[in-house]
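**Student:** A single structure is presented below for examination.
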Amino acid sequence: MWGILRRSAVDGGGFSASSLRRTRFSLVSARSYAAGSKEMTVRDALNSAIDEEMSADPKVFVMGEEVGQYQGAYKITKGLLEKYGPERVYDTPITEAGFTGIGVGAAYAGLKPVVEFMTFNFSMQAIDHIINSAAKSNYMSAGQINVPIVFRGPNGAAAGVGAQHSQCYAAWYASVPGLKVLAPYSAEDARGLLKAAIRDPDPVVFLENELLYGESFPISEEALDSSFCLPIGKAKAAEKLAEEGISAEVINLRSIRPLDRATINASVRKTSRLVTVEEGFPQHGVCAEICASVVEESFSYLDAPVERIAGADVPMPYAANLERLALPQVEDIVRAAKRACYRSK
């Protein structure tokens, strides 16, 4: 997950622990939700998006480990094998390099594969196909070859699964021209962006969060329509928080590549401060790119140095207490926000 926290100081008030806890939730969960009484889990949002796109377009198919008979490791593909049959829901062997290469070849031929990785850590086995075969083909063919393929699955830290199952790959894939990289937060994000990804003529890396699959979010009637999709490359600004003298504007990026630089810089020019948060490694990270964009385009508007919060620059520890220390926490955001507002208490 990525949050960009803008802080503007107003007269009076302090920055209490309770207000900072609520700020933490603003970064992770308190977004500008769609108005409506209905709710949907992220898991159901992803499932319904794939189902509707498969129903609308016979070229769309799903492939990956356990996506059929087992209905997906996280049940994202539940019910699809029964509905569409084994010709469109392929259970593959445990060979990411093999089935990803098959998926890219199918996209070359005009089909629209949705390739599931049980975790994006395993996509490293297939990274040559994703980057050299999928991302670069449109450019190298002078626009003659489109590669309409989606690579999706859980990304980043889960809980107690160790270094080899906890890495965030947003910065890796976002550095590659030819790829689009999306990271949904809410159910509406997940549903609208996955639909957009499947319809897109270019390869899309779709980074999900395992810990959010079972979370429910309000969803609008508009988002429940089968034609609904969200634009790729547009961030979503959340409501401001104004508690105890500090107001915060939170931006849910949603799209990592392309990055919505216009929204980011407009917010900085309004608030004159920037705190960025990501769970990935600090060096060459998504936050580093955001900070560079702000320095290049809005430096004269800043009233304080930019603040970056990221995961620790170490492989993810297995022990729960060390895992917590390796990920951004509330107290990290507290310290950064105070520094950005020149406050010590």
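By convention here, the chains of the structure tokens are called A, B, ... in the order presented, each chain's residues are numbered starting at 1, and ligands are numbered starting at 1 in the order presented.
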Can you list every residue in region 239-314 of chain A that DSSP puts in alpha helix (DSSP H), as a ChimeraX atom specification?
**Tutor:** /A:261-271,286-298
**Student:** Against region 125-131 of chain A, which residues of region 181-287 of chain A fall within 12 Å? For each one I want the closest pair of atoms and the distance in Å (one decimal), counting only C-alpha atoms, rows by chain and increasing residue number, as a Markdown table.
**Tutor:**
| residue | atom | partner | partner_atom | distance |
| --- | --- | --- | --- | --- |
| A:Asp202 | CA | A:Ile130 | CA | 11.5 |
| A:Pro203 | CA | A:Ile130 | CA | 8.2 |
| A:Val204 | CA | A:Ile130 | CA | 9.5 |
| A:Val205 | CA | A:Ile130 | CA | 8.9 |
**Student:** Can you pull out the residues contacting region 135-150 of chain A? Cut-off 10 Å, using only C-alpha atoms, and skip same-chain residues under 5 positions away; I want them as JSON, numbers by chain.
**Tutor:** {"A": [60, 61, 62, 100, 103, 104, 105, 106, 107, 108, 109, 110, 111, 112, 113, 114, 115, 116, 128, 129, 130, 173, 176, 177, 178, 179, 180, 181, 194, 197, 198, 199, 200, 201, 202, 203, 204, 205, 206]}
**Student:** Filtering to C-alpha atoms, could you give me those residues as a short mmCIF file (atom, residue, chain, number, x, y, z; two decimals), in the first residue's frame?
**Tutor:**
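Result written to selection39.cif:
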data_model
loop_
_atom_site.label_atom_id
_atom_site.label_comp_id
_atom_site.auth_asym_id
_atom_site.auth_seq_id
_atom_site.Cartn_x
_atom_site.Cartn_y
_atom_site.Cartn_z
CA VAL A 60 -10.37 -13.60 -21.64
CA PHE A 61 -9.12 -16.66 -19.76
CA VAL A 62 -7.48 -17.41 -16.42
CA THR A 100 3.80 -17.13 -17.85
CA GLY A 103 0.32 -16.62 -21.31
CA VAL A 104 2.48 -14.08 -23.11
CA GLY A 105 2.39 -16.21 -26.26
CA ALA A 106 -1.39 -16.38 -26.04
CA ALA A 107 -1.52 -12.59 -25.74
CA TYR A 108 0.65 -12.30 -28.85
CA ALA A 109 -2.04 -14.33 -30.63
CA GLY A 110 -4.81 -11.96 -29.53
CA LEU A 111 -6.14 -13.69 -26.43
CA LYS A 112 -6.39 -11.90 -23.06
CA PRO A 113 -4.82 -14.03 -20.33
CA VAL A 114 -5.19 -13.25 -16.63
CA VAL A 115 -2.16 -14.92 -15.06
CA GLU A 116 -2.29 -15.52 -11.32
CA ASP A 128 12.13 -12.53 -18.22
CA HIS A 129 8.73 -13.19 -19.82
CA ILE A 130 7.12 -10.26 -18.04
CA TYR A 173 7.97 -3.42 -12.10
CA VAL A 176 10.03 -0.82 -16.59
CA PRO A 177 8.71 1.11 -19.62
CA GLY A 178 5.92 -0.81 -21.30
CA LEU A 179 4.31 -2.08 -18.11
CA LYS A 180 1.39 -0.54 -16.25
CA VAL A 181 1.46 -1.20 -12.51
CA LEU A 194 -8.96 -5.03 -12.57
CA ALA A 197 -6.46 -3.91 -16.63
CA ILE A 198 -8.17 -6.80 -18.45
CA ARG A 199 -9.48 -4.44 -21.13
CA ASP A 200 -6.14 -2.71 -21.61
CA PRO A 201 -4.17 -3.57 -24.77
CA ASP A 202 -0.86 -3.54 -22.87
CA PRO A 203 0.60 -5.73 -20.10
CA VAL A 204 -0.54 -4.80 -16.60
CA VAL A 205 1.01 -5.87 -13.30
CA PHE A 206 -1.80 -5.93 -10.74
#
**Student:** Which is closest to Gly192 (chain A) among A:Met40, A:Val268, A:Ala56, A:Leu46, if we use only C-alpha atoms?
**Tutor:**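 Closest candidate: A:Leu46.
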**Student:** Can you pull out every residue within 6 Å of region 47-53 of chain A, counting only C-alpha atoms, but drop anything in the same chain fewer than 6 positions away, and send it as a list of chain:residue names?
**Tutor:**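 My reading of the contact set: A:Ile76, A:Thr77, A:Arg191, A:Lys195.
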**Student:** Could you give me, as a VMD selection string, each residue of region 108-268 of chain A that DSSP assigns to strand (DSSP E) when run on this structure's backbone?
**Tutor:** chain A and resid 112 to 116 150 to 154 180 to 182 204 to 208 216 to 218 236 to 243 246 to 252 255 to 257
**Student:** Between CA of Ser216 (chain A) and CA of Ser186 (chain A), what distance in Å does the model show, to one decimal?
**Tutor:**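 Value for the CA of Ser216 (chain A)-CA of Ser186 (chain A) distance: 8.1 Å.
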**Student:** Leaving out Tyr74 (chain A) and any residue of its chain fewer than 3 positions from it, which residues lie within 8 Å of it when counting only C-alpha atoms, given as a VMD selection string?
**Tutor:** chain A and resid 43 71 213
**Student:** Quick one: everything within 8 Å of Thr263 (chain A), counting only C-alpha atoms, minus sequence neighbours fewer than 3 positions away in the same chain. Send it as a PyMOL selection string.
**Tutor:** chain A and resi 235+237+260+266-267
**Student:** Just give me the gap between CA of Pro218 (chain A) and CA of Glu39 (chain A) in Å, one decimal is fine.
**Tutor:**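 The value is 4.2 Å.
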